[in-house]
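J.: Structure supplied as target21.cif; contents: mmCIF, C-alpha atoms.
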```cif
data_run
loop_
_atom_site.label_atom_id
_atom_site.label_comp_id
_atom_site.auth_asym_id
_atom_site.auth_seq_id
_atom_site.Cartn_x
_atom_site.Cartn_y
_atom_site.Cartn_z
CA MET A 115 0.00 0.00 0.00
CA ALA A 116 1.32 3.43 -0.87
CA ASP A 117 1.68 5.93 1.96
CA SER A 118 -1.06 8.50 2.17
CA ALA A 119 -0.18 11.74 0.39
CA PRO A 120 0.88 14.46 2.87
CA LEU A 121 -1.33 17.47 3.29
CA ALA A 122 0.82 20.52 2.61
CA GLY A 123 1.07 22.90 5.53
CA LEU A 124 -0.20 20.32 8.01
CA PRO A 125 1.71 17.83 10.18
CA ALA A 126 3.07 14.76 8.40
CA PRO A 127 1.01 11.58 8.76
CA LEU A 128 2.02 8.75 11.01
CA PRO A 129 3.18 5.58 9.20
CA LEU A 130 0.31 3.26 8.33
CA ALA A 131 0.19 -0.49 8.67
CA PRO A 132 -0.28 -2.39 5.38
CA PRO A 133 -3.95 -2.52 4.24
CA ALA A 134 -7.82 -5.04 6.08
CA GLY A 135 -29.37 -25.08 0.79
CA ARG A 136 -28.85 -23.59 -2.72
CA GLY A 137 -32.43 -23.41 -3.95
CA ARG A 138 -34.53 -20.26 -4.03
CA ALA A 139 -32.45 -18.73 -1.22
CA GLY A 140 -29.26 -19.26 -3.20
CA VAL A 141 -30.73 -17.71 -6.33
CA LEU A 142 -31.98 -14.67 -4.41
CA GLY A 143 -28.68 -14.30 -2.58
CA ALA A 144 -26.72 -14.41 -5.81
CA ALA A 145 -29.07 -11.85 -7.34
CA VAL A 146 -28.48 -9.50 -4.42
CA GLY A 147 -24.75 -9.92 -4.85
CA VAL A 148 -25.17 -8.91 -8.47
CA LEU A 149 -27.30 -5.88 -7.68
CA ALA A 150 -25.31 -4.69 -4.70
CA ALA A 151 -22.02 -4.81 -6.58
CA GLY A 152 -23.37 -3.46 -9.85
CA ALA A 153 -24.29 -6.27 -12.26
CA ALA A 154 -23.39 -9.86 -13.03
CA ALA A 155 -20.94 -11.29 -15.47
CA GLY A 156 -19.49 -14.79 -15.64
CA VAL A 157 -17.98 -15.86 -12.32
CA ALA A 158 -15.42 -18.63 -11.88
CA VAL A 159 -16.00 -21.16 -9.10
CA GLU A 160 -13.20 -20.85 -6.55
CA ARG A 161 -11.41 -23.32 -4.30
CA LEU A 162 -13.70 -26.25 -5.02
CA THR A 163 -11.45 -28.64 -3.10
CA VAL A 164 -11.65 -26.69 0.16
CA GLY A 165 -14.68 -27.04 2.43
CA ARG A 166 -16.83 -23.97 3.13
CA SER A 167 -16.34 -24.21 6.91
CA VAL A 168 -12.57 -24.26 6.45
CA ARG A 169 -12.71 -21.22 4.16
CA ARG A 170 -14.95 -19.40 6.64
CA ARG A 171 -12.53 -20.00 9.55
CA ALA A 172 -9.65 -18.82 7.37
CA ARG A 173 -11.52 -15.67 6.40
CA LEU A 174 -12.33 -14.84 10.03
CA ALA A 175 -8.71 -15.33 11.03
CA LEU A 176 -7.51 -13.08 8.22
CA ASP A 177 -10.13 -10.42 9.00
CA ALA A 178 -8.95 -10.31 12.62
CA THR A 179 -5.44 -9.31 11.52
CA SER A 180 -6.49 -6.71 8.93
CA PRO A 181 -5.94 -3.03 9.83
CA TYR A 182 -8.95 -1.91 7.78
CA GLY A 183 -11.85 -0.54 9.79
CA THR A 184 -9.82 -0.18 12.98
CA LEU A 185 -9.62 3.62 13.09
CA ARG A 186 -12.16 5.10 15.49
CA GLY A 187 -13.15 8.56 16.71
CA THR A 188 -15.47 10.03 19.32
CA PRO A 189 -18.92 8.53 18.68
CA GLY A 190 -22.19 10.41 18.53
CA VAL A 191 -25.74 9.97 17.28
CA ALA A 192 -27.84 12.43 15.26
CA LEU A 193 -31.57 12.01 14.77
CA ALA A 194 -32.96 12.28 11.26
CA ALA A 195 -36.23 14.14 10.68
CA ASP A 196 -38.16 10.85 10.96
CA GLY A 197 -36.34 9.87 14.16
CA THR A 198 -33.87 7.42 12.57
CA PRO A 199 -30.63 7.39 14.58
CA LEU A 200 -27.59 8.22 12.48
CA ALA A 201 -24.22 7.15 13.89
CA TYR A 202 -21.22 9.39 13.40
CA GLU A 203 -17.68 9.78 14.73
CA ILE A 204 -15.63 12.94 15.14
CA GLU A 205 -11.86 13.27 14.99
CA ASP A 206 -10.97 16.70 16.33
CA PRO A 207 -7.36 17.82 16.79
CA TYR A 208 -8.71 21.16 18.06
CA ALA A 209 -10.49 19.51 20.99
CA ASP A 210 -7.67 20.22 23.44
CA GLY A 211 -7.47 23.85 22.33
CA ALA A 212 -4.34 23.47 20.23
CA ALA A 213 -4.71 24.00 16.48
CA PRO A 214 -2.76 21.71 14.14
CA GLU A 215 0.26 23.33 12.55
CA GLY A 216 -0.70 25.25 9.43
CA ALA A 217 -4.43 25.17 10.13
CA ALA A 218 -6.16 28.43 9.25
CA PRO A 219 -9.79 28.74 10.35
CA LEU A 220 -11.83 31.76 9.38
CA GLU A 221 -11.38 34.62 11.82
CA GLY A 222 -13.92 34.43 14.62
CA GLU A 223 -15.24 31.02 13.52
CA ALA A 224 -14.63 27.40 14.38
CA PRO A 225 -12.07 25.59 12.17
CA PHE A 226 -13.48 24.03 9.03
CA THR A 227 -14.86 20.53 9.36
CA VAL A 228 -14.51 17.84 6.72
CA VAL A 229 -17.72 15.76 6.53
CA LEU A 230 -17.38 12.46 4.64
CA SER A 231 -20.41 10.61 3.23
CA HIS A 232 -19.94 7.01 2.09
CA GLY A 233 -21.52 5.01 -0.72
CA TYR A 234 -24.21 2.37 -1.17
CA CYS A 235 -23.70 -0.87 0.79
CA LEU A 236 -20.58 0.55 2.48
CA ASN A 237 -20.06 2.39 5.76
CA GLN A 238 -17.87 5.10 7.24
CA ASP A 239 -14.90 2.72 7.36
CA SER A 240 -14.67 2.89 3.56
CA TRP A 241 -12.78 6.17 4.19
CA HIS A 242 -9.99 4.24 5.96
CA HIS A 243 -7.10 5.76 4.00
CA GLN A 244 -8.48 9.29 3.97
CA ARG A 245 -9.15 9.01 7.70
CA ALA A 246 -5.52 8.08 8.28
CA ALA A 247 -4.35 10.98 6.10
CA LEU A 248 -6.58 13.54 7.88
CA ARG A 249 -6.04 12.23 11.40
CA GLY A 250 -4.50 14.86 13.65
CA ARG A 251 -4.51 17.49 10.92
CA ALA A 252 -8.14 18.42 10.28
CA ARG A 253 -11.44 18.21 12.10
CA ALA A 254 -13.42 15.43 10.41
CA VAL A 255 -16.83 13.81 10.76
CA TYR A 256 -17.51 10.30 9.44
CA TRP A 257 -21.05 8.96 9.45
CA ASP A 258 -23.06 5.90 8.45
CA GLN A 259 -25.95 6.45 6.06
CA ARG A 260 -29.30 5.12 7.30
CA GLY A 261 -29.45 1.33 7.25
CA HIS A 262 -25.66 1.11 6.86
CA GLY A 263 -22.98 0.53 9.47
CA ARG A 264 -24.21 1.43 12.94
CA SER A 265 -27.04 3.74 11.84
CA GLY A 266 -30.66 2.78 12.31
CA TRP A 267 -33.26 1.48 9.90
CA THR A 268 -37.03 1.23 10.18
CA PRO A 269 -38.27 -2.07 8.71
CA GLY A 270 -41.20 -1.60 6.36
CA ALA A 271 -40.61 2.15 5.96
CA PRO A 272 -41.24 3.70 2.52
CA PRO A 273 -38.30 3.23 0.12
CA PRO A 274 -35.71 5.94 0.73
CA ALA A 275 -34.97 8.58 -1.88
CA ILE A 276 -31.74 10.46 -2.37
CA ASP A 277 -33.57 13.60 -1.16
CA LEU A 278 -34.08 11.88 2.20
CA LEU A 279 -30.32 11.34 2.47
CA GLY A 280 -29.74 15.06 1.96
CA GLY A 281 -31.89 15.65 5.03
CA ASP A 282 -29.92 13.01 6.94
CA LEU A 283 -26.65 14.78 6.11
CA LYS A 284 -28.14 18.04 7.39
CA ALA A 285 -29.03 16.31 10.68
CA VAL A 286 -25.46 15.04 11.06
CA ILE A 287 -24.04 18.49 10.32
CA ASP A 288 -26.38 20.08 12.88
CA ALA A 289 -25.27 17.58 15.53
CA ALA A 290 -21.56 17.19 14.79
CA ALA A 291 -20.56 20.47 13.08
CA PRO A 292 -23.15 23.12 13.94
CA THR A 293 -20.80 26.07 13.34
CA GLY A 294 -17.91 26.96 11.07
CA PRO A 295 -17.10 26.29 7.44
CA LEU A 296 -17.57 22.82 5.95
CA VAL A 297 -15.76 20.73 3.37
CA LEU A 298 -18.08 18.03 2.01
CA LEU A 299 -16.66 14.82 0.54
CA GLY A 300 -18.94 12.18 -0.96
CA HIS A 301 -18.29 8.84 -2.63
CA SER A 302 -20.91 7.25 -4.92
CA MET A 303 -24.25 7.51 -3.08
CA GLY A 304 -22.49 9.87 -0.67
CA GLY A 305 -21.80 12.28 -3.53
CA MET A 306 -25.48 12.14 -4.46
CA THR A 307 -26.25 12.91 -0.82
CA VAL A 308 -24.14 16.07 -1.06
CA MET A 309 -26.08 17.12 -4.18
CA ALA A 310 -29.37 16.49 -2.38
CA LEU A 311 -28.20 18.60 0.55
CA ALA A 312 -27.46 21.48 -1.84
CA GLU A 313 -30.89 21.21 -3.42
CA ARG A 314 -32.76 21.06 -0.11
CA TYR A 315 -30.63 23.53 1.86
CA PRO A 316 -29.09 26.03 -0.58
CA GLY A 317 -28.64 28.60 2.20
CA LEU A 318 -26.48 26.20 4.20
CA VAL A 319 -24.31 25.51 1.18
CA ARG A 320 -24.03 29.21 0.31
CA ASP A 321 -23.12 30.30 3.83
CA ARG A 322 -20.99 27.45 5.16
CA VAL A 323 -19.66 25.08 2.49
CA ALA A 324 -16.08 26.06 1.65
CA GLY A 325 -15.12 23.07 -0.51
CA ILE A 326 -16.56 20.03 -2.30
CA GLY A 327 -15.10 16.65 -3.30
CA LEU A 328 -17.13 14.21 -5.43
CA ILE A 329 -15.68 10.73 -5.91
CA GLY A 330 -17.07 8.02 -8.21
CA THR A 331 -20.52 9.55 -8.30
CA SER A 332 -23.18 10.85 -10.67
CA ALA A 333 -25.81 13.57 -11.03
CA GLY A 334 -28.24 11.25 -12.81
CA ARG A 335 -29.03 8.98 -15.77
CA LEU A 336 -27.89 5.93 -13.84
CA ASP A 337 -30.71 3.94 -15.45
CA GLU A 338 -28.62 4.07 -18.66
CA VAL A 339 -25.50 2.46 -17.15
CA ALA A 340 -24.62 -0.87 -18.78
CA TRP A 341 -22.59 -2.27 -15.84
CA GLY A 342 -19.93 -3.49 -18.26
CA LEU A 343 -22.39 -5.85 -19.90
CA PRO A 344 -23.32 -6.18 -23.57
CA ALA A 345 -26.46 -4.24 -24.46
CA PRO A 346 -28.80 -7.29 -24.27
CA GLY A 347 -27.45 -8.23 -20.83
CA ALA A 348 -27.80 -4.70 -19.50
CA GLU A 349 -31.36 -4.49 -20.80
CA ALA A 350 -32.21 -7.85 -19.23
CA LEU A 351 -30.83 -6.67 -15.89
CA ARG A 352 -32.95 -3.51 -15.99
CA ARG A 353 -36.02 -5.57 -16.86
CA LEU A 354 -35.48 -8.25 -14.20
CA ALA A 355 -34.23 -6.09 -11.34
CA PRO A 356 -37.63 -4.78 -10.16
CA GLY A 357 -39.08 -8.28 -9.78
CA VAL A 358 -35.97 -9.59 -8.02
CA LEU A 359 -36.02 -6.63 -5.67
CA ARG A 360 -39.67 -7.18 -4.82
CA ALA A 361 -38.87 -10.79 -3.95
CA LEU A 362 -35.91 -9.72 -1.83
CA GLY A 363 -37.96 -7.12 0.00
CA SER A 364 -40.64 -9.65 0.85
CA ALA A 365 -38.21 -12.31 2.11
CA PRO A 366 -35.08 -10.62 3.51
CA ALA A 367 -34.25 -13.46 5.91
CA LEU A 368 -34.38 -16.00 3.09
CA ALA A 369 -32.24 -13.78 0.90
CA GLU A 370 -29.68 -13.35 3.69
CA ARG A 371 -29.33 -17.11 3.97
CA GLY A 372 -28.93 -17.32 0.22
CA ARG A 373 -26.19 -14.70 0.17
CA ARG A 374 -24.29 -16.59 2.85
CA ALA A 375 -24.68 -19.79 0.85
CA VAL A 376 -22.94 -18.25 -2.16
CA THR A 377 -20.35 -16.25 -0.24
CA ASP A 378 -17.40 -17.22 -2.47
CA VAL A 379 -19.21 -16.21 -5.65
CA PHE A 380 -20.33 -13.04 -3.91
CA GLY A 381 -16.72 -12.14 -3.08
CA THR A 382 -15.73 -12.62 -6.71
CA LEU A 383 -18.53 -10.31 -7.83
CA VAL A 384 -17.43 -7.66 -5.37
CA ARG A 385 -13.89 -7.78 -6.72
CA ARG A 386 -15.18 -7.57 -10.28
CA TYR A 387 -17.38 -4.54 -9.70
CA SER A 388 -15.40 -2.71 -7.03
CA PHE A 389 -11.87 -2.70 -8.41
CA GLY A 390 -10.14 -2.13 -11.74
CA LYS A 391 -10.12 -4.96 -14.27
CA GLY A 392 -6.35 -5.23 -14.49
CA ALA A 393 -5.66 -4.49 -10.84
CA GLU A 394 -3.86 -6.95 -8.59
CA THR A 395 -6.18 -6.42 -5.63
CA ASP A 396 -4.71 -6.82 -2.18
CA PRO A 397 -6.56 -9.78 -0.57
CA ASP A 398 -7.04 -7.85 2.70
CA LEU A 399 -8.62 -5.02 0.75
CA ALA A 400 -10.92 -7.32 -1.21
CA ARG A 401 -12.07 -9.07 1.97
CA PHE A 402 -12.67 -5.73 3.69
CA ALA A 403 -14.86 -4.47 0.83
CA THR A 404 -16.77 -7.76 0.75
CA ARG A 405 -17.43 -7.67 4.50
CA MET A 406 -18.82 -4.12 4.31
CA ILE A 407 -21.21 -5.08 1.52
CA GLU A 408 -22.18 -8.34 3.22
CA ALA A 409 -22.96 -6.42 6.43
CA THR A 410 -25.60 -4.29 4.70
CA PRO A 411 -29.00 -5.93 5.41
CA MET A 412 -30.83 -7.30 2.39
CA GLU A 413 -33.85 -5.16 3.13
CA VAL A 414 -31.66 -2.04 2.94
CA VAL A 415 -29.99 -3.18 -0.28
CA ALA A 416 -33.36 -3.77 -1.92
CA ALA A 417 -35.01 -0.60 -0.58
CA PHE A 418 -32.31 1.76 -1.84
CA TRP A 419 -31.96 0.35 -5.35
CA PRO A 420 -34.92 2.17 -6.99
CA ALA A 421 -33.59 5.51 -5.73
CA PHE A 422 -30.69 5.39 -8.19
CA ALA A 423 -32.83 5.13 -11.29
CA ALA A 424 -34.88 8.11 -10.03
CA HIS A 425 -31.82 10.14 -9.01
CA ASP A 426 -31.42 13.39 -10.97
CA LYS A 427 -29.63 16.29 -9.32
CA THR A 428 -28.41 18.08 -12.44
CA ALA A 429 -30.39 21.16 -11.44
CA ALA A 430 -28.64 21.25 -8.05
CA LEU A 431 -25.11 21.42 -9.46
CA PRO A 432 -25.05 25.22 -9.97
CA LEU A 433 -25.60 25.53 -6.21
CA LEU A 434 -22.20 23.90 -5.66
CA ARG A 435 -20.31 26.37 -7.84
CA GLY A 436 -18.18 29.24 -6.58
CA ARG A 437 -15.90 27.29 -4.24
CA PRO A 438 -12.88 24.96 -4.54
CA ALA A 439 -13.90 21.49 -5.68
CA PHE A 440 -12.66 18.30 -7.25
CA VAL A 441 -14.27 15.44 -9.15
CA LEU A 442 -12.47 12.09 -9.22
CA ALA A 443 -13.24 8.65 -10.64
CA GLY A 444 -11.55 5.48 -11.84
CA THR A 445 -11.46 4.87 -15.57
CA ASP A 446 -12.61 1.26 -15.00
CA ASP A 447 -15.60 2.19 -12.83
CA LEU A 448 -18.52 0.05 -14.04
CA ILE A 449 -21.09 1.43 -11.59
CA THR A 450 -20.71 5.20 -12.00
CA PRO A 451 -18.67 5.41 -15.20
CA ALA A 452 -16.04 8.12 -15.68
CA THR A 453 -18.28 9.83 -18.25
CA HIS A 454 -20.55 10.82 -15.35
CA SER A 455 -17.61 12.48 -13.61
CA ARG A 456 -16.76 14.37 -16.77
CA THR A 457 -20.33 15.65 -16.82
CA LEU A 458 -20.00 16.78 -13.20
CA ALA A 459 -16.72 18.57 -13.90
CA THR A 460 -18.27 20.39 -16.86
CA ALA A 461 -21.10 21.61 -14.62
CA LEU A 462 -18.65 22.74 -11.90
CA PRO A 463 -16.13 25.09 -13.58
CA GLU A 464 -13.98 25.41 -10.43
CA ALA A 465 -13.59 21.64 -10.04
CA ASP A 466 -10.36 19.81 -10.77
CA LEU A 467 -11.10 16.59 -12.67
CA THR A 468 -8.96 13.52 -11.96
CA LEU A 469 -9.54 10.22 -13.76
CA VAL A 470 -7.41 7.48 -12.20
CA PRO A 471 -6.23 5.03 -14.88
CA GLY A 472 -7.26 1.43 -14.27
CA ALA A 473 -9.12 2.10 -11.01
CA GLY A 474 -12.63 0.86 -10.29
CA HIS A 475 -15.59 2.07 -8.24
CA LEU A 476 -13.84 1.79 -4.86
CA VAL A 477 -11.04 4.08 -6.01
CA LEU A 478 -10.80 5.59 -2.52
CA LEU A 479 -9.63 2.20 -1.23
CA GLU A 480 -7.91 0.89 -4.34
CA ARG A 481 -5.85 4.00 -5.18
CA PRO A 482 -5.73 6.03 -1.95
CA GLU A 483 -2.67 8.02 -2.96
CA GLU A 484 -4.58 9.74 -5.79
CA VAL A 485 -7.64 10.39 -3.64
CA ASP A 486 -5.58 11.65 -0.69
CA ALA A 487 -3.69 14.00 -3.01
CA ALA A 488 -6.96 15.41 -4.37
CA VAL A 489 -8.23 15.95 -0.81
CA ALA A 490 -4.93 17.62 0.13
CA ARG A 491 -5.14 20.04 -2.78
CA LEU A 492 -8.74 20.86 -1.92
CA LEU A 493 -7.96 21.60 1.73
CA GLU A 494 -4.99 23.72 0.74
CA LYS A 495 -7.27 25.87 -1.42
CA VAL A 496 -9.86 26.11 1.35
CA ALA A 497 -7.18 27.11 3.87
CA GLU A 498 -5.78 29.74 1.50
CA ARG A 499 -9.22 31.27 1.04
CA SER A 500 -9.95 31.25 4.75
CA THR A 501 -6.63 32.72 5.93
CA PRO A 502 -7.23 36.29 7.14
CA ARG A 503 -5.10 38.74 5.15
CA PRO A 504 -3.06 41.35 7.01
#
```
Let's see the structure in the file written out as structure tokens.
T.:
Amino acid sequence: MADSAPLAGLPAPLPLAPPAGRGRAGVLGAAVGVLAAGAAAGVAVERLTVGRSVRRRARLALDATSPYGTLRGTPGVALAADGTPLAYEIEDPYADGAAPEGAAPLEGEAPFTVVLSHGYCLNQDSWHHQRAALRGRARAVYWDQRGHGRSGWTPGAPPPAIDLLGGDLKAVIDAAAPTGPLVLLGHSMGGMTVMALAERYPGLVRDRVAGIGLIGTSAGRLDEVAWGLPAPGAEALRRLAPGVLRALGSAPALAERGRRAVTDVFGTLVRRYSFGKGAETDPDLARFATRMIEATPMEVVAAFWPAFAAHDKTAALPLLRGRPAFVLAGTDDLITPATHSRTLATALPEADLTLVPGAGHLVLLERPEEVDAAVARLLEKVAERSTPRP
């Protein structure tokens, strides 16, 4: 793993450890694996000569030694408008009254806070590398979207929309960063959440948001994505997905058992749709991504899926202009293709566009050095703008 890129003007980072029945249930579980990771292609059967219980014990042992997901901050809980508890953690080097070297908050205000919103079927630990890079050098808030990680979920509630997530982000900001300028970073669904926040609360964005970072995300037209499949396969997926999702929503326990029954195939799908095609993925990293996706309840996976086809925040993009920004994506992203990032960058004239060659959808984990460097440049620009001039 490459060391995290240093943030200019801030203390150097500490060294990091190296990166962390098959009937109807099986069919439903495999389908969820396909939908949660993006789409299905041919999958090779792995390790046929090794028993499942042996593989499971080996995976647990390996997971226990992985450094991924081990970074923790001060926990808190915000309440969404509908009462859903939203778990967050704060890392605050200003808490003891001493500002990090080179930090430059706006005069008379609290230091800027970086708020990081994760993607679909992930959790706040997906920011592992960025968390390590920011630790001790910037105030940061990491949170779990509803139904993900340690945040709550109301079974049987109406399907969530991206607009709802914008309200959730506002609740987290109110609880964890009620004053001072904000830098908003969002990956995948988290980037859509940032756009929804801008649309619902333009005054907040105008008055407090000092910088924006959008990673592997889209402003809309996700119903046209082919998932790396030939046209007939992509069309079949779009046609079949609603029926599969209805089945999953009506039998989440059965689907969970099915997903566990096809865990090896599921892991292969995650690697296929999370990382670049030619990448030699670190096994710890692949297991970590798989565990995050596996931990997302089937009911949550199924409930969120329709929101992406309906997502269209093109009209909200002008509200994000006028401040430092970056847009970043992997060129091999099959879920939110790089063309969507180019569209975002065109709509945001101040944004720096970075396309990471050969990287996939989880570029923030797969190629942390590029993502950390983009974050560093963004924070440098924010600090320059916020430094009082003599």
J.: Rank A:Ala275, A:Val384, A:Val229, A:Val470 by their smallest atom-to-atom distance to Ala487 (chain A), using all atoms listed in the file, and report the top residue only.
T.: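 That would be A:Val470, the residue with the smallest distance to Ala487 (chain A).
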J.: Using Å and a single decimal, report how far CA of Asp426 (chain A) sits from CA of Asp277 (chain A).
T.: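 According to the coordinates, CA of Asp277 (chain A) and CA of Asp426 (chain A) are separated by 10.0 Å.
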J.: Here is a test: counting only C-alpha atoms, which residue of A:Gly304, A:His262, A:Val228, A:Tyr256 is nearest to Pro411 (chain A)?
T.: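 Checking each candidate against Pro411 (chain A), we get A:His262 as the closest.
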J.: Go through the shown structure with the PyMOL selection byres ((chain A and resi 322-324) around 8) and write out the matching residues as a ChimeraX atom specification.
T.: /A:294-298,318-321,325-326,437-438,496
J.: Suppose a student applies the PyMOL selection byres ((chain A and resi 421) around 12) to this structure; what residues should they get, written as an MDAnalysis selection string?
T.: chainID A and resid 234 272:279 303 306:307 334:337 356 414:420 422:426
J.: What lies within 12 Å of Ala439 (chain A) using only C-alpha atoms, ignoring chain neighbours under 2 positions off, as an NGL selection string?
T.: :A and (297-300 or 323-329 or 431 or 434-437 or 441-442 or 458-459 or 461-468 or 488-496)
J.: Mind writing the picked residues with C-alpha atoms as a CSV table (one decimal), keeping the file's coordinate frame?
T.:
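To be explicit, this is the file written out as again01.csv:
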```
chain,number,residue,atom,x,y,z
A,297,VAL,CA,-15.8,20.7,3.4
A,298,LEU,CA,-18.1,18.0,2.0
A,299,LEU,CA,-16.7,14.8,0.5
A,300,GLY,CA,-18.9,12.2,-1.0
A,323,VAL,CA,-19.7,25.1,2.5
A,324,ALA,CA,-16.1,26.1,1.6
A,325,GLY,CA,-15.1,23.1,-0.5
A,326,ILE,CA,-16.6,20.0,-2.3
A,327,GLY,CA,-15.1,16.6,-3.3
A,328,LEU,CA,-17.1,14.2,-5.4
A,329,ILE,CA,-15.7,10.7,-5.9
A,431,LEU,CA,-25.1,21.4,-9.5
A,434,LEU,CA,-22.2,23.9,-5.7
A,435,ARG,CA,-20.3,26.4,-7.8
A,436,GLY,CA,-18.2,29.2,-6.6
A,437,ARG,CA,-15.9,27.3,-4.2
A,441,VAL,CA,-14.3,15.4,-9.2
A,442,LEU,CA,-12.5,12.1,-9.2
A,458,LEU,CA,-20.0,16.8,-13.2
A,459,ALA,CA,-16.7,18.6,-13.9
A,461,ALA,CA,-21.1,21.6,-14.6
A,462,LEU,CA,-18.6,22.7,-11.9
A,463,PRO,CA,-16.1,25.1,-13.6
A,464,GLU,CA,-14.0,25.4,-10.4
A,465,ALA,CA,-13.6,21.6,-10.0
A,466,ASP,CA,-10.4,19.8,-10.8
A,467,LEU,CA,-11.1,16.6,-12.7
A,468,THR,CA,-9.0,13.5,-12.0
A,488,ALA,CA,-7.0,15.4,-4.4
A,489,VAL,CA,-8.2,16.0,-0.8
A,490,ALA,CA,-4.9,17.6,0.1
A,491,ARG,CA,-5.1,20.0,-2.8
A,492,LEU,CA,-8.7,20.9,-1.9
A,493,LEU,CA,-8.0,21.6,1.7
A,494,GLU,CA,-5.0,23.7,0.7
A,495,LYS,CA,-7.3,25.9,-1.4
A,496,VAL,CA,-9.9,26.1,1.4
```
J.: Could you check how far CA of Val308 (chain A) sits from CA of Gly280 (chain A), in Å to one decimal?
T.: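 It comes out at 6.4 Å.
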J.: Any idea what's packed within 7 Å of Thr445 (chain A), counting all atoms listed in the file, ignoring anything in its chain fewer than 4 positions away? Could you give it as a PyMOL selection string?
T.: chain A and resi 452+469-474
J.: Which value, in Å to one decimal, gives the distance between CA of Asp447 (chain A) and CA of Ser332 (chain A)?
T.: 11.7 Å
J.: How would region 407-412 of chain A look with all heavy atoms restored, written as an mmCIF file, in the coordinates of the input?
T.:
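Saved the output as result.cif:
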```cif
data_model
loop_
_atom_site.group_PDB
_atom_site.id
_atom_site.type_symbol
_atom_site.label_atom_id
_atom_site.label_comp_id
_atom_site.auth_asym_id
_atom_site.auth_seq_id
_atom_site.Cartn_x
_atom_site.Cartn_y
_atom_site.Cartn_z
ATOM 1 N N ILE A 407 -20.014 -4.865 2.332
ATOM 2 C CA ILE A 407 -21.210 -5.080 1.520
ATOM 3 C C ILE A 407 -22.070 -6.182 2.125
ATOM 4 O O ILE A 407 -23.296 -6.060 2.199
ATOM 5 C CB ILE A 407 -20.814 -5.383 0.071
ATOM 6 C CG1 ILE A 407 -20.108 -4.163 -0.539
ATOM 7 C CG2 ILE A 407 -22.038 -5.752 -0.764
ATOM 8 C CD1 ILE A 407 -19.521 -4.400 -1.912
ATOM 9 N N GLU A 408 -21.423 -7.248 2.593
ATOM 10 C CA GLU A 408 -22.180 -8.340 3.220
ATOM 11 C C GLU A 408 -22.919 -7.867 4.473
ATOM 12 O O GLU A 408 -23.993 -8.381 4.797
ATOM 13 C CB GLU A 408 -21.227 -9.469 3.626
ATOM 14 C CG GLU A 408 -20.753 -10.322 2.483
ATOM 15 C CD GLU A 408 -19.804 -11.414 2.963
ATOM 16 O OE1 GLU A 408 -19.159 -11.235 4.019
ATOM 17 O OE2 GLU A 408 -19.707 -12.436 2.274
ATOM 18 N N ALA A 409 -22.360 -6.878 5.175
ATOM 19 C CA ALA A 409 -22.960 -6.420 6.430
ATOM 20 C C ALA A 409 -24.198 -5.555 6.208
ATOM 21 O O ALA A 409 -24.941 -5.294 7.158
ATOM 22 C CB ALA A 409 -21.923 -5.634 7.239
ATOM 23 N N THR A 410 -24.419 -5.107 4.982
ATOM 24 C CA THR A 410 -25.600 -4.290 4.700
ATOM 25 C C THR A 410 -26.813 -5.212 4.595
ATOM 26 O O THR A 410 -26.841 -6.102 3.750
ATOM 27 C CB THR A 410 -25.423 -3.507 3.394
ATOM 28 O OG1 THR A 410 -24.190 -2.795 3.432
ATOM 29 C CG2 THR A 410 -26.574 -2.529 3.192
ATOM 30 N N PRO A 411 -27.834 -5.025 5.427
ATOM 31 C CA PRO A 411 -29.000 -5.930 5.410
ATOM 32 C C PRO A 411 -29.662 -5.963 4.042
ATOM 33 O O PRO A 411 -29.733 -4.962 3.327
ATOM 34 C CB PRO A 411 -29.939 -5.328 6.460
ATOM 35 C CG PRO A 411 -29.041 -4.547 7.368
ATOM 36 C CD PRO A 411 -27.954 -4.007 6.488
ATOM 37 N N MET A 412 -30.183 -7.130 3.682
ATOM 38 C CA MET A 412 -30.830 -7.300 2.390
ATOM 39 C C MET A 412 -31.989 -6.326 2.188
ATOM 40 O O MET A 412 -32.196 -5.807 1.098
ATOM 41 C CB MET A 412 -31.350 -8.729 2.240
ATOM 42 C CG MET A 412 -30.270 -9.734 2.014
ATOM 43 S SD MET A 412 -29.451 -9.439 0.439
ATOM 44 C CE MET A 412 -28.261 -10.765 0.470
#
```
